[in-house]
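Okay, model.cif is below, mmCIF, C-alpha atoms:
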data_coords
loop_
_atom_site.label_atom_id
_atom_site.label_comp_id
_atom_site.auth_asym_id
_atom_site.auth_seq_id
_atom_site.Cartn_x
_atom_site.Cartn_y
_atom_site.Cartn_z
CA MET A 1 70.42 41.32 79.42
CA ALA A 2 69.30 39.04 82.21
CA SER A 3 69.35 41.40 85.13
CA TRP A 4 67.29 41.40 88.27
CA LEU A 5 66.97 43.81 91.14
CA LEU A 6 65.36 41.64 93.79
CA LYS A 7 64.77 37.97 94.46
CA ALA A 8 62.56 36.48 97.13
CA MET A 9 63.34 32.90 98.06
CA ASP A 10 60.65 30.89 99.82
CA LEU A 11 59.61 33.70 102.16
CA ALA A 12 57.27 33.05 105.05
CA CYS A 13 55.82 35.39 107.61
CA GLN A 14 54.36 34.61 110.98
CA LYS A 15 52.41 37.04 113.11
CA ALA A 16 51.14 36.05 116.55
CA GLN A 17 51.71 32.31 115.99
CA ARG A 18 49.76 32.43 112.76
CA THR A 19 51.30 31.87 109.37
CA LEU A 20 50.31 34.78 107.15
CA PHE A 21 51.99 33.42 104.05
CA GLU A 22 54.69 30.99 103.08
CA GLY A 23 56.49 29.79 100.00
CA VAL A 24 56.65 33.23 98.39
CA SER A 25 59.34 33.16 95.71
CA PHE A 26 59.80 35.55 92.85
CA ALA A 27 62.40 37.56 91.00
CA VAL A 28 61.96 41.13 89.90
CA PRO A 29 63.90 41.79 86.69
CA ALA A 30 64.98 45.31 85.80
CA GLY A 31 62.31 47.15 83.84
CA SER A 32 59.44 45.08 85.21
CA TRP A 33 56.75 45.46 87.80
CA LEU A 34 55.33 43.12 90.39
CA HIS A 35 51.86 43.69 91.71
CA ILE A 36 51.19 41.92 95.02
CA GLU A 37 47.53 41.21 95.44
CA GLY A 38 45.45 39.83 98.22
CA GLY A 39 42.67 40.64 100.64
CA ASN A 40 42.94 42.75 103.74
CA GLY A 41 45.17 41.30 106.42
CA CYS A 42 46.81 38.70 104.19
CA GLY A 43 50.26 40.13 104.82
CA LYS A 44 50.94 42.42 101.86
CA THR A 45 52.46 45.14 104.02
CA SER A 46 54.40 42.55 106.03
CA LEU A 47 55.81 41.14 102.80
CA LEU A 48 56.94 44.57 101.62
CA ARG A 49 58.57 45.26 104.98
CA ILE A 50 60.38 41.93 104.79
CA LEU A 51 61.55 42.75 101.27
CA CYS A 52 62.97 46.05 102.53
CA GLY A 53 64.70 44.39 105.46
CA LEU A 54 62.65 46.28 108.04
CA SER A 55 61.24 43.05 109.48
CA PRO A 56 62.85 39.63 109.55
CA ALA A 57 61.23 36.80 107.61
CA ALA A 58 60.16 33.73 109.57
CA GLN A 59 61.74 31.69 106.80
CA GLY A 60 63.46 32.27 103.49
CA GLN A 61 65.75 34.93 102.13
CA VAL A 62 65.65 38.15 100.19
CA LEU A 63 68.49 38.45 97.71
CA TRP A 64 69.88 41.60 96.17
CA PRO A 65 72.40 42.12 93.42
CA ALA A 66 75.80 42.17 95.08
CA ALA A 67 77.23 45.62 95.63
CA HIS A 68 79.02 47.34 92.72
CA THR A 69 77.39 45.03 90.21
CA PRO A 70 74.28 46.98 89.35
CA ASP A 71 72.94 44.40 86.95
CA GLY A 72 73.24 41.45 89.24
CA ALA A 73 75.91 39.89 87.08
CA GLY A 74 78.29 39.63 90.01
CA GLY A 75 76.11 37.38 92.10
CA ALA A 76 73.67 37.81 94.90
CA SER A 77 73.93 39.24 98.34
CA VAL A 78 71.68 39.22 101.39
CA GLN A 79 72.92 42.71 102.21
CA ARG A 80 70.03 45.12 101.80
CA PRO A 81 70.92 48.16 99.73
CA ASP A 82 70.26 51.62 101.11
CA ARG A 83 68.06 54.34 99.69
CA ARG A 84 70.35 54.97 96.76
CA ALA A 85 69.13 51.68 95.33
CA LEU A 86 65.83 51.07 97.11
CA HIS A 87 63.04 53.50 97.80
CA TYR A 88 60.25 52.39 100.11
CA ILE A 89 57.01 54.21 100.75
CA GLY A 90 54.94 52.57 103.43
CA HIS A 91 51.53 53.26 104.92
CA ALA A 92 53.11 55.96 107.05
CA LEU A 93 54.49 58.26 104.40
CA GLY A 94 57.45 59.56 106.36
CA LEU A 95 56.37 63.19 106.03
CA LYS A 96 56.71 65.66 108.90
CA PRO A 97 53.35 67.41 109.41
CA ASP A 98 54.94 70.64 110.63
CA LEU A 99 57.28 71.06 107.67
CA SER A 100 56.24 72.27 104.24
CA ALA A 101 56.13 69.84 101.32
CA CYS A 102 59.28 71.39 99.87
CA GLU A 103 61.17 71.19 103.17
CA ASN A 104 60.04 67.60 103.58
CA LEU A 105 61.46 66.67 100.21
CA CYS A 106 64.81 68.40 100.74
CA LEU A 107 65.36 67.17 104.28
CA ASP A 108 64.27 63.65 103.43
CA ALA A 109 66.76 63.44 100.57
CA GLN A 110 69.54 64.87 102.74
CA LEU A 111 68.66 62.40 105.49
CA SER A 112 69.48 59.57 103.15
CA GLY A 113 72.75 61.28 102.31
CA LEU A 114 71.66 62.66 98.94
CA PRO A 115 71.78 66.40 98.39
CA LEU A 116 68.69 67.95 96.84
CA SER A 117 68.25 71.60 96.00
CA ARG A 118 65.08 73.57 96.62
CA ALA A 119 64.60 74.08 92.92
CA GLN A 120 64.74 70.34 92.27
CA ALA A 121 62.23 69.73 95.05
CA LEU A 122 59.84 72.37 93.68
CA GLN A 123 60.17 70.88 90.22
CA ALA A 124 59.31 67.41 91.50
CA LEU A 125 56.29 68.76 93.39
CA ALA A 126 55.11 70.65 90.31
CA ALA A 127 55.42 67.49 88.23
CA GLN A 128 53.11 65.82 90.73
CA GLY A 129 50.59 68.64 90.31
CA LEU A 130 51.34 70.21 93.67
CA GLN A 131 52.57 73.63 92.57
CA GLY A 132 51.05 76.19 94.90
CA ARG A 133 51.04 73.65 97.73
CA ALA A 134 54.81 73.37 98.01
CA HIS A 135 55.17 75.84 100.87
CA LEU A 136 52.17 74.78 102.93
CA PRO A 137 52.77 72.64 106.00
CA VAL A 138 51.99 69.03 105.19
CA ARG A 139 49.49 68.85 108.06
CA VAL A 140 47.05 71.11 106.18
CA LEU A 141 47.22 69.00 103.00
CA SER A 142 44.58 66.39 102.21
CA GLN A 143 45.35 62.68 102.31
CA GLY A 144 45.65 62.53 98.53
CA GLN A 145 47.95 65.54 98.43
CA ARG A 146 50.19 63.98 101.07
CA GLN A 147 50.36 60.85 98.97
CA GLY A 148 51.32 63.12 96.09
CA VAL A 149 54.16 64.63 98.12
CA ALA A 150 55.41 61.13 98.93
CA LEU A 151 55.28 60.23 95.23
CA ALA A 152 57.09 63.45 94.33
CA ARG A 153 59.91 62.13 96.51
CA LEU A 154 60.27 59.23 94.09
CA ARG A 155 61.00 61.70 91.27
CA THR A 156 64.09 62.86 93.14
CA SER A 157 65.23 59.37 94.12
CA PRO A 158 68.13 57.68 92.33
CA ALA A 159 66.84 54.27 93.42
CA ARG A 160 66.20 51.69 90.71
CA LEU A 161 63.83 49.60 92.79
CA TRP A 162 60.73 51.18 94.25
CA VAL A 163 58.73 49.32 96.86
CA LEU A 164 55.36 51.00 97.28
CA ASP A 165 52.57 50.15 99.68
CA GLU A 166 49.22 51.32 98.26
CA PRO A 167 50.74 54.25 96.34
CA LEU A 168 47.45 55.25 94.69
CA VAL A 169 45.26 55.42 97.80
CA GLY A 170 43.46 58.73 98.09
CA LEU A 171 44.58 60.05 94.70
CA ASP A 172 42.08 61.63 92.32
CA ALA A 173 41.87 60.66 88.65
CA GLU A 174 44.38 63.26 87.49
CA ALA A 175 46.91 62.45 90.22
CA THR A 176 46.49 58.72 89.52
CA ALA A 177 47.31 59.34 85.87
CA ARG A 178 50.39 61.32 86.87
CA ALA A 179 51.47 58.50 89.19
CA ARG A 180 50.97 55.96 86.40
CA SER A 181 53.10 57.91 83.98
CA LEU A 182 55.74 58.31 86.72
CA PHE A 183 55.79 54.53 87.26
CA GLN A 184 55.83 53.88 83.52
CA SER A 185 58.77 56.18 82.88
CA HIS A 186 60.62 54.56 85.79
CA LEU A 187 60.07 51.13 84.22
CA ASP A 188 61.08 52.40 80.77
CA ALA A 189 64.31 53.74 82.30
CA GLY A 190 65.20 50.27 83.54
CA GLY A 191 63.88 50.58 87.06
CA ALA A 192 61.60 48.11 88.76
CA LEU A 193 58.50 48.39 90.87
CA VAL A 194 57.07 46.19 93.61
CA MET A 195 53.72 47.40 94.82
CA THR A 196 50.49 46.54 96.52
CA SER A 197 47.31 48.18 95.35
CA HIS A 198 43.62 47.42 95.35
CA GLN A 199 43.34 49.27 92.04
CA ASP A 200 44.50 48.04 88.70
CA VAL A 201 47.59 50.08 87.92
CA GLN A 202 47.58 49.25 84.18
CA LEU A 203 51.31 49.37 83.59
CA GLN A 204 52.80 48.48 80.23
CA GLY A 205 55.75 46.20 79.76
CA PRO A 206 56.82 43.02 81.49
CA GLY A 207 55.26 42.43 84.82
CA ALA A 208 53.70 39.89 87.09
CA ARG A 209 51.05 39.57 89.72
CA TRP A 210 51.53 37.60 92.88
CA GLN A 211 48.38 36.47 94.61
CA LEU A 212 49.13 36.44 98.30
CA GLY A 213 47.22 34.39 100.81
CA ALA A 214 46.16 31.68 98.39
CA LYS A 215 48.61 29.27 99.97
CA ALA A 216 48.36 30.65 103.47
CA VAL A 217 47.71 28.10 106.14
CA PRO A 218 44.58 28.91 108.11
CA ALA A 219 44.85 29.44 111.84
CA MET B 1 68.91 52.38 82.31
CA ARG B 2 69.94 55.31 84.50
CA ALA B 3 73.28 56.51 83.30
CA THR B 4 74.34 58.42 86.39
CA PRO B 5 75.58 56.26 89.24
CA PRO B 6 74.04 57.09 92.63
CA PRO B 7 76.10 59.76 94.37
CA VAL B 8 78.30 58.77 97.26
CA PRO B 9 76.33 59.45 100.43
CA SER B 10 77.73 61.56 103.17
CA PRO B 11 76.76 60.60 106.73
CA TRP B 12 77.77 64.10 107.84
CA LEU B 13 75.28 65.65 105.47
CA ALA B 14 72.58 63.32 106.79
CA MET B 15 73.45 64.09 110.41
CA ALA B 16 73.45 67.83 109.79
CA ALA B 17 70.13 67.57 107.96
CA LEU B 18 68.53 65.62 110.80
CA LEU B 19 69.86 68.05 113.42
CA ARG B 20 68.55 70.98 111.42
CA ARG B 21 65.21 69.28 110.90
CA ASP B 22 64.71 68.53 114.59
CA LEU B 23 65.67 72.06 115.61
CA ARG B 24 63.30 73.48 113.02
CA LEU B 25 60.50 71.21 114.22
CA ALA B 26 61.15 72.36 117.79
CA MET B 27 60.92 75.98 116.67
CA ARG B 28 57.56 75.26 115.05
CA ARG B 29 56.28 73.56 118.20
CA LYS B 30 57.67 75.85 120.84
CA SER B 31 55.09 74.93 123.47
CA GLU B 32 56.31 71.32 123.55
CA CYS B 33 59.94 72.08 124.26
CA LEU B 34 59.20 74.99 126.59
CA GLY B 35 56.97 72.76 128.72
CA ALA B 36 59.87 70.84 130.24
CA LEU B 37 61.78 74.06 130.84
CA PHE B 38 58.84 75.64 132.68
CA PHE B 39 58.53 72.48 134.75
CA PHE B 40 62.18 72.85 135.77
CA VAL B 41 61.74 76.51 136.69
CA LEU B 42 58.52 75.89 138.62
CA VAL B 43 59.80 72.97 140.66
CA ALA B 44 62.98 74.85 141.52
CA ALA B 45 60.96 77.95 142.46
CA LEU B 46 58.45 76.08 144.61
CA PHE B 47 60.99 74.56 146.98
CA PRO B 48 62.23 77.83 148.57
CA LEU B 49 58.62 78.93 148.95
CA ALA B 50 57.61 75.71 150.67
CA ILE B 51 60.64 75.26 152.88
CA GLY B 52 61.05 78.82 154.08
CA PRO B 53 63.68 81.50 153.74
CA GLU B 54 66.36 79.98 156.00
CA PRO B 55 69.56 80.39 153.89
CA ALA B 56 71.46 77.57 155.61
CA THR B 57 68.72 75.03 154.86
CA LEU B 58 68.27 76.24 151.31
CA ARG B 59 71.99 76.09 150.66
CA LEU B 60 72.00 72.53 151.94
CA ILE B 61 69.19 71.27 149.71
CA GLY B 62 69.75 73.57 146.71
CA PRO B 63 72.06 71.44 144.55
CA GLY B 64 69.99 68.30 145.17
CA VAL B 65 66.69 69.99 144.37
CA LEU B 66 68.02 71.56 141.18
CA TRP B 67 69.56 68.31 140.02
CA VAL B 68 66.40 66.27 140.70
CA ALA B 69 64.32 68.93 138.94
CA ALA B 70 66.67 68.80 135.94
CA LEU B 71 66.51 65.01 135.88
CA LEU B 72 62.71 64.96 135.96
CA ALA B 73 62.47 67.74 133.36
CA SER B 74 64.70 65.82 130.96
CA MET B 75 62.55 62.70 131.54
CA LEU B 76 59.46 64.71 130.60
CA SER B 77 60.81 65.62 127.20
CA LEU B 78 62.05 62.11 126.40
CA GLY B 79 58.67 60.56 125.62
CA ARG B 80 58.40 62.22 122.24
CA LEU B 81 62.04 61.73 121.25
CA PHE B 82 61.25 58.99 118.73
CA GLU B 83 57.45 58.86 119.04
CA GLY B 84 56.72 61.36 116.25
CA ASP B 85 59.21 59.80 113.85
CA HIS B 86 57.78 56.36 114.58
CA GLN B 87 54.22 57.44 113.91
CA ASP B 88 54.75 59.32 110.68
CA GLY B 89 57.11 56.76 109.18
CA SER B 90 60.25 58.92 109.25
CA LEU B 91 61.94 56.30 111.42
CA GLU B 92 61.53 53.66 108.69
CA GLN B 93 63.11 56.04 106.21
CA MET B 94 65.98 56.65 108.64
CA ALA B 95 66.51 52.91 109.00
CA LEU B 96 66.71 52.63 105.20
CA SER B 97 68.97 55.66 104.85
CA ALA B 98 72.39 55.45 103.31
CA ALA B 99 73.73 56.90 106.55
CA PRO B 100 74.11 54.42 109.42
CA LEU B 101 71.23 54.56 111.91
CA THR B 102 73.70 55.02 114.77
CA TRP B 103 74.94 58.27 113.24
CA LEU B 104 71.40 59.51 112.79
CA VAL B 105 70.63 58.61 116.40
CA ILE B 106 73.61 60.70 117.51
CA ALA B 107 72.17 63.66 115.58
CA LYS B 108 68.74 63.15 117.11
CA LEU B 109 70.15 62.93 120.63
CA GLY B 110 72.28 66.00 119.96
CA ALA B 111 69.21 67.94 118.86
CA HIS B 112 67.33 66.72 121.91
CA TRP B 113 70.09 67.94 124.20
CA LEU B 114 70.26 71.33 122.48
CA ILE B 115 66.50 71.72 122.84
CA SER B 116 65.94 70.38 126.32
CA GLY B 117 69.30 70.02 128.06
CA LEU B 118 71.18 73.19 127.23
CA PRO B 119 68.41 75.58 128.42
CA LEU B 120 68.47 73.80 131.81
CA VAL B 121 72.22 74.37 132.05
CA LEU B 122 71.88 78.04 131.16
CA LEU B 123 69.04 78.66 133.58
CA SER B 124 70.48 76.76 136.52
CA PRO B 125 72.74 79.55 137.90
CA LEU B 126 69.76 81.89 137.96
CA LEU B 127 67.62 79.38 139.82
CA GLY B 128 70.53 78.58 142.13
CA LEU B 129 70.42 82.16 143.39
CA GLN B 130 67.12 81.35 145.08
CA PHE B 131 68.93 78.76 147.17
CA ALA B 132 71.56 81.26 148.35
CA LEU B 133 74.34 79.35 146.58
CA ALA B 134 77.75 81.02 146.45
CA PRO B 135 79.10 82.06 143.00
CA GLU B 136 81.60 79.21 142.84
CA ALA B 137 78.85 76.73 143.75
CA LEU B 138 76.65 78.20 141.01
CA ALA B 139 79.45 77.78 138.49
CA MET B 140 80.03 74.20 139.63
CA LEU B 141 76.29 73.46 139.41
CA ALA B 142 76.19 74.71 135.82
CA LEU B 143 79.35 72.75 134.98
CA THR B 144 77.98 69.48 136.40
CA LEU B 145 74.72 70.00 134.55
CA LEU B 146 76.67 70.73 131.38
CA ILE B 147 78.39 67.36 131.71
CA GLY B 148 75.41 65.52 133.21
CA THR B 149 72.51 66.50 130.97
CA PRO B 150 74.06 64.93 127.82
CA VAL B 151 74.40 61.71 129.84
CA LEU B 152 70.71 61.95 130.71
CA SER B 153 69.86 62.49 127.02
CA LEU B 154 72.00 59.52 125.95
CA LEU B 155 70.58 57.17 128.58
CA GLY B 156 67.11 58.53 127.94
CA GLY B 157 67.46 57.76 124.24
CA ILE B 158 67.96 54.07 125.05
CA GLY B 159 64.88 54.09 127.28
CA ALA B 160 62.79 55.95 124.73
CA ALA B 161 63.84 53.54 121.98
CA LEU B 162 63.17 50.45 124.11
CA THR B 163 59.69 51.59 125.08
CA LEU B 164 58.77 52.85 121.61
CA GLY B 165 55.30 51.71 120.63
CA VAL B 166 54.64 50.14 124.04
CA ARG B 167 51.34 51.12 125.60
CA GLY B 168 51.95 53.00 128.84
CA GLY B 169 55.55 53.34 127.77
CA GLY B 170 56.07 56.54 129.78
CA VAL B 171 55.89 54.85 133.17
CA LEU B 172 57.98 51.91 132.01
CA GLN B 173 60.54 54.33 130.63
CA SER B 174 60.86 56.10 133.99
CA LEU B 175 61.21 52.78 135.80
CA LEU B 176 63.93 51.74 133.36
CA LEU B 177 65.81 54.99 133.38
CA LEU B 178 65.71 56.41 136.88
CA PRO B 179 67.97 53.72 138.37
CA LEU B 180 70.46 54.30 135.54
CA CYS B 181 70.46 58.02 136.22
CA VAL B 182 71.30 57.63 139.91
CA PRO B 183 75.11 57.79 139.45
CA VAL B 184 74.79 61.02 137.47
CA LEU B 185 72.64 62.49 140.21
CA VAL B 186 74.95 61.35 143.02
CA PHE B 187 78.13 62.68 141.46
CA GLY B 188 76.47 65.82 140.11
CA THR B 189 75.18 66.92 143.50
CA GLY B 190 78.31 65.56 145.18
CA ALA B 191 80.50 67.86 143.09
CA VAL B 192 78.54 70.96 144.06
CA ASP B 193 78.52 69.87 147.69
CA ALA B 194 82.27 69.26 147.72
CA GLN B 195 82.85 72.64 146.10
CA MET B 196 80.77 74.36 148.78
CA ARG B 197 82.72 72.64 151.53
CA GLY B 198 85.97 73.67 149.93
CA LEU B 199 87.06 70.08 149.32
CA GLY B 200 87.52 70.42 145.58
CA ALA B 201 85.23 68.73 143.09
CA GLN B 202 87.80 67.26 140.75
CA ALA B 203 87.08 63.64 141.63
CA HIS B 204 83.34 64.04 141.16
CA VAL B 205 83.75 65.90 137.90
CA SER B 206 86.13 63.20 136.62
CA VAL B 207 83.58 60.51 137.39
CA LEU B 208 80.89 62.54 135.62
CA LEU B 209 83.14 62.92 132.59
CA ALA B 210 83.78 59.17 132.64
CA LEU B 211 80.02 58.56 132.70
CA LEU B 212 79.65 60.93 129.74
CA LEU B 213 82.33 59.13 127.74
CA ALA B 214 80.91 55.69 128.52
CA SER B 215 77.36 56.66 127.61
CA ALA B 216 78.51 58.50 124.48
CA ALA B 217 80.37 55.40 123.34
CA LEU B 218 77.61 52.88 124.03
CA GLY B 219 74.39 54.92 124.08
CA PRO B 220 73.81 55.67 120.36
CA TRP B 221 74.71 52.15 119.38
CA ALA B 222 72.30 50.59 121.92
CA CYS B 223 69.67 53.13 120.95
CA ALA B 224 69.93 52.26 117.25
CA ALA B 225 69.69 48.54 118.05
CA ALA B 226 66.56 49.15 120.15
CA LEU B 227 65.03 51.22 117.35
CA ARG B 228 65.58 48.42 114.84
CA LEU B 229 63.78 46.08 117.23
CA ALA B 230 60.91 48.52 117.58
CA LEU B 231 60.53 48.71 113.79
CA GLU B 232 60.12 44.96 113.31
#
Would you mind writing the file out in structure tokens?
Amino acid sequence: MASWLLKAMDLACQKAQRTLFEGVSFAVPAGSWLHIEGGNGCGKTSLLRILCGLSPAAQGQVLWPAAHTPDGAGGASVQRPDRRALHYIGHALGLKPDLSACENLCLDAQLSGLPLSRAQALQALAAQGLQGRAHLPVRVLSQGQRQGVALARLRTSPARLWVLDEPLVGLDAEATARARSLFQSHLDAGGALVMTSHQDVQLQGPGARWQLGAKAVPA
Amino acid sequence: MRATPPPVPSPWLAMAALLRRDLRLAMRRKSECLGALFFFVLVAALFPLAIGPEPATLRLIGPGVLWVAALLASMLSLGRLFEGDHQDGSLEQMALSAAPLTWLVIAKLGAHWLISGLPLVLLSPLLGLQFALAPEALAMLALTLLIGTPVLSLLGGIGAALTLGVRGGGVLQSLLLLPLCVPVLVFGTGAVDAQMRGLGAQAHVSVLLALLLASAALGPWACAAALRLALE
């Protein structure tokens, strides 16, 4: 089945009169991953934000499967899907420091219009190795644990496409392994993954790497 | 392939969740939301002390002083309306939510009014006693604040969204907002004044209600547009 979840067409990004990247084109088929690589400041985060529709591209288009045709058979649309189909985790994790991990998960899901019970949230946190931390305020958690809470949110998300900015930063070996198996099971279930990471994520199955900045025009 | 289709999202659920979240956050950070309230009480309490105990003078300046104090107190609490959400990334998640951003903005502004506007309304009759205001003037003062403070929250939301992420945004925000708040101030104090003179405050209250309707119709929409700009 030739299905795709995201297509980038000739994207370019400009920041402060400087071209960060241009000519970025790729398609992300269902069940595959795309690892965006590049040095610091080459525009990886900007690219992810453009993909999610948070920032406009200087040039080019991001295409999504048209609504109500989950496999892209019904054509393409420039209309960005919401969090039922796309889950983005950026540098800022979107966690409220004063709320507990469990409250963060429940409220975040409800904010995107998806009900989530406490039990489901606790289960997701436990699967991420955070049992015993679920009722602590997020502000007392370490950086790696916060990242874990953000990843636990993915377990409760119905989205088929995950866009993750440095999802493994700050994680210890065990948590990294848990994250890998989470990503792998998402891919095996027909989801797709677009991510930046300075580590090798070692995912199985079809995937691609996009080296960013190689074609960038210097200032 | 995931067999279950994504559930149909409910904007009401999202709005209720956001309102609950903001109220819960305010309860966990009581000092922040009480600060503006104490400011209001202090400013209103200092004026009678400084001006002297002449009831006629106090009665004359009372409505104006209380209204200006309420206006400044609501400005104080506006700075962090979207700041926290912007910093910790919650705002990005709201922009990506299945619920329209405008709806979420309405919930945020509603929470802001409940936290910082409603206490001002409830306290104002008590503070008005210091200015020797008659009971009907006290009631009118509370009524005008009840209609006026949501307008201040709605207008303030636009200012807070426009200055989000701008260095020194607080001053810019005041410069942007204070001129917009002048009509609310004029008709709010005017209503109390007219009531005290026995002229009837219907006209003033109608204008205030019109201001409330206009800002409720346009405010959240403008605010959401400004937030999208700030996220770029």
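Every residue that the PyMOL selection byres ((chain B and resi 108) around 9) selects in this file is listed here: Met15, Leu18, Leu19, Asp22, Leu81, Phe82, Trp103, Leu104, Val105, Ile106, Ala107, Leu109, Gly110, Ala111, His112 and Trp113 of chain B.
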Contacts of Phe183 in chain A within 10 Å, only C-alpha atoms, excl. fewer than 2 positions in-chain, as an NGL selection string: :A and (33 or 151 or 154-155 or 162 or 177-181 or 185-189 or 191-193 or 201 or 203-204)
(58.4, 54.1, 114.3) in this file's frame - what residues fall within 9 Å of it? Use all atoms listed in the file and give the answer as an MDAnalysis selection string. chainID B and resid 82:92 164:165 227 230:231
Considering all atoms listed in the file, extract the chain A residues located within 7 Å of chain B and return them as a count of residues only. 20
Which range 95-213 of chain B residues have any atom within 10 Å of an atom of range 60-80 of chain B, and for each, what is the nearest pair of atoms with distance in Å to one decimal, counting all atoms listed in the file, rows sorted by chain and number, as a tab-separated table?
residue	atom	partner	partner_atom	distance
B:Leu109	CA	B:Leu78	CA	10.0
B:His112	CA	B:Leu78	CA	8.3
B:Trp113	CA	B:Ser74	CA	8.9
B:Ile115	CA	B:Ser77	CA	9.4
B:Ser116	CA	B:Ser74	CA	6.6
B:Gly117	CA	B:Ser74	CA	6.9
B:Leu120	CA	B:Ala70	CA	6.7
B:Val121	CA	B:Ala70	CA	8.8
B:Ser124	CA	B:Leu66	CA	7.4
B:Pro125	CA	B:Leu66	CA	9.8
B:Leu127	CA	B:Leu66	CA	7.9
B:Gly128	CA	B:Gly62	CA	6.8
B:Leu129	CA	B:Gly62	CA	9.2
B:Gln130	CA	B:Gly62	CA	8.4
B:Phe131	CA	B:Gly62	CA	5.3
B:Ala132	CA	B:Gly62	CA	8.1
B:Leu133	CA	B:Gly62	CA	7.4
B:Ala137	CA	B:Pro63	CA	8.6
B:Leu138	CA	B:Pro63	CA	8.9
B:Met140	CA	B:Pro63	CA	9.8
B:Leu141	CA	B:Pro63	CA	7.0
B:Thr144	CA	B:Trp67	CA	9.2
B:Leu145	CA	B:Trp67	CA	7.7
B:Gly148	CA	B:Leu71	CA	9.3
B:Thr149	CA	B:Ser74	CA	7.8
B:Pro150	CA	B:Ser74	CA	9.9
B:Leu152	CA	B:Ser74	CA	7.2
B:Ser153	CA	B:Ser74	CA	7.3
B:Gly156	CA	B:Leu78	CA	6.4
B:Gly157	CA	B:Leu78	CA	7.3
B:Gly159	CA	B:Leu78	CA	8.6
B:Ala160	CA	B:Gly79	CA	6.2
B:Ala161	CA	B:Gly79	CA	9.4
B:Thr163	CA	B:Gly79	CA	9.0
B:Leu164	CA	B:Gly79	CA	8.7
B:Gly169	CA	B:Gly79	CA	8.2
B:Gly170	CA	B:Gly79	CA	6.3
B:Val171	CA	B:Gly79	CA	9.9
B:Gln173	CA	B:Gly79	CA	8.2
B:Ser174	CA	B:Met75	CA	7.2
B:Leu177	CA	B:Met75	CA	8.6
B:Leu178	CA	B:Leu71	CA	8.7
B:Cys181	CA	B:Leu71	CA	8.0
B:Val182	CA	B:Leu71	CA	9.7
B:Val184	CA	B:Trp67	CA	9.3
B:Leu185	CA	B:Trp67	CA	6.6
B:Val186	CA	B:Gly64	CA	8.8
B:Gly188	CA	B:Trp67	CA	7.3
B:Thr189	CA	B:Pro63	CA	5.6
B:Gly190	CA	B:Pro63	CA	8.6
B:Ala191	CA	B:Pro63	CA	9.3
B:Val192	CA	B:Pro63	CA	6.5
B:Asp193	CA	B:Pro63	CA	7.4
B:Met196	CA	B:Leu60	CA	9.5
Could you write out as JSON, numbers by chain the residues that the PyMOL selection byres ((chain A and resi 5) around 9) matches in the shown file? {"A": [3, 4, 6, 7, 27, 28, 29, 30, 63, 64, 65, 70, 71, 72, 160, 161, 191, 192]}
Can you write just those residues out, C-alpha atoms, as a PDB file, in the coordinates of the input?
ATOM      1  CA  SER A   3      69.350  41.400  85.130  1.00  0.00           C
ATOM      2  CA  TRP A   4      67.290  41.400  88.270  1.00  0.00           C
ATOM      3  CA  LEU A   6      65.360  41.640  93.790  1.00  0.00           C
ATOM      4  CA  LYS A   7      64.770  37.970  94.460  1.00  0.00           C
ATOM      5  CA  ALA A  27      62.400  37.560  91.000  1.00  0.00           C
ATOM      6  CA  VAL A  28      61.960  41.130  89.900  1.00  0.00           C
ATOM      7  CA  PRO A  29      63.900  41.790  86.690  1.00  0.00           C
ATOM      8  CA  ALA A  30      64.980  45.310  85.800  1.00  0.00           C
ATOM      9  CA  LEU A  63      68.490  38.450  97.710  1.00  0.00           C
ATOM     10  CA  TRP A  64      69.880  41.600  96.170  1.00  0.00           C
ATOM     11  CA  PRO A  65      72.400  42.120  93.420  1.00  0.00           C
ATOM     12  CA  PRO A  70      74.280  46.980  89.350  1.00  0.00           C
ATOM     13  CA  ASP A  71      72.940  44.400  86.950  1.00  0.00           C
ATOM     14  CA  GLY A  72      73.240  41.450  89.240  1.00  0.00           C
ATOM     15  CA  ARG A 160      66.200  51.690  90.710  1.00  0.00           C
ATOM     16  CA  LEU A 161      63.830  49.600  92.790  1.00  0.00           C
ATOM     17  CA  GLY A 191      63.880  50.580  87.060  1.00  0.00           C
ATOM     18  CA  ALA A 192      61.600  48.110  88.760  1.00  0.00           C
TER      19      ALA A 192
END
If we count only C-alpha atoms and set the cut-off at 10 Å, which residues sit around Gly23 in chain A, ignoring sequence neighbours fewer than 5 positions away in its own chain? Please answer as a VMD selection string. chain A and resid 8 to 13 59 to 60 215 to 216
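We find CA of Gly144 in chain A and CA of Gly31 in chain A to be spaced 27.0 Å apart.
A straight line drawn from CA of Ala216 in chain B to CA of Leu118 in chain B is 16.6 Å long.
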Please evaluate the PyMOL selection byres ((chain A and resi 150) around 12) against the displayed coordinates and give the resulting residues as a PyMOL selection string. (chain A and resi 87-96+101-102+104-105+108-109+121+124-125+128+130+138+143-149+151-157+164-169+171+179) or (chain B and resi 88-90+93)
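Across the model, the gap from CA of Ala127 in chain A to CA of Ala175 in chain A is 10.1 Å.
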Go ahead and fit an axis-aligned box to every listed atom of range 123-133 of chain A plus 8 Å each side, and pass me the centre and edge lengths in Å, one decimal, as JSON.
{"center_x": 55.4, "center_y": 71.0, "center_z": 93.0, "size_x": 25.6, "size_y": 26.4, "size_z": 25.5}
Find the residues near Lys44 in chain A: any atom within 9 Å, counting all atoms listed in the file, skip ones fewer than 6 places away on the same chain, and give them as a VMD selection string. chain A and resid 36 to 38 165 196 212 to 213
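Closest approach to Pro55 in chain B from the set B:Ala139, B:Leu123, B:Leu34, B:Ala134 is made by B:Ala134, with distances taken over all atoms listed in the file.
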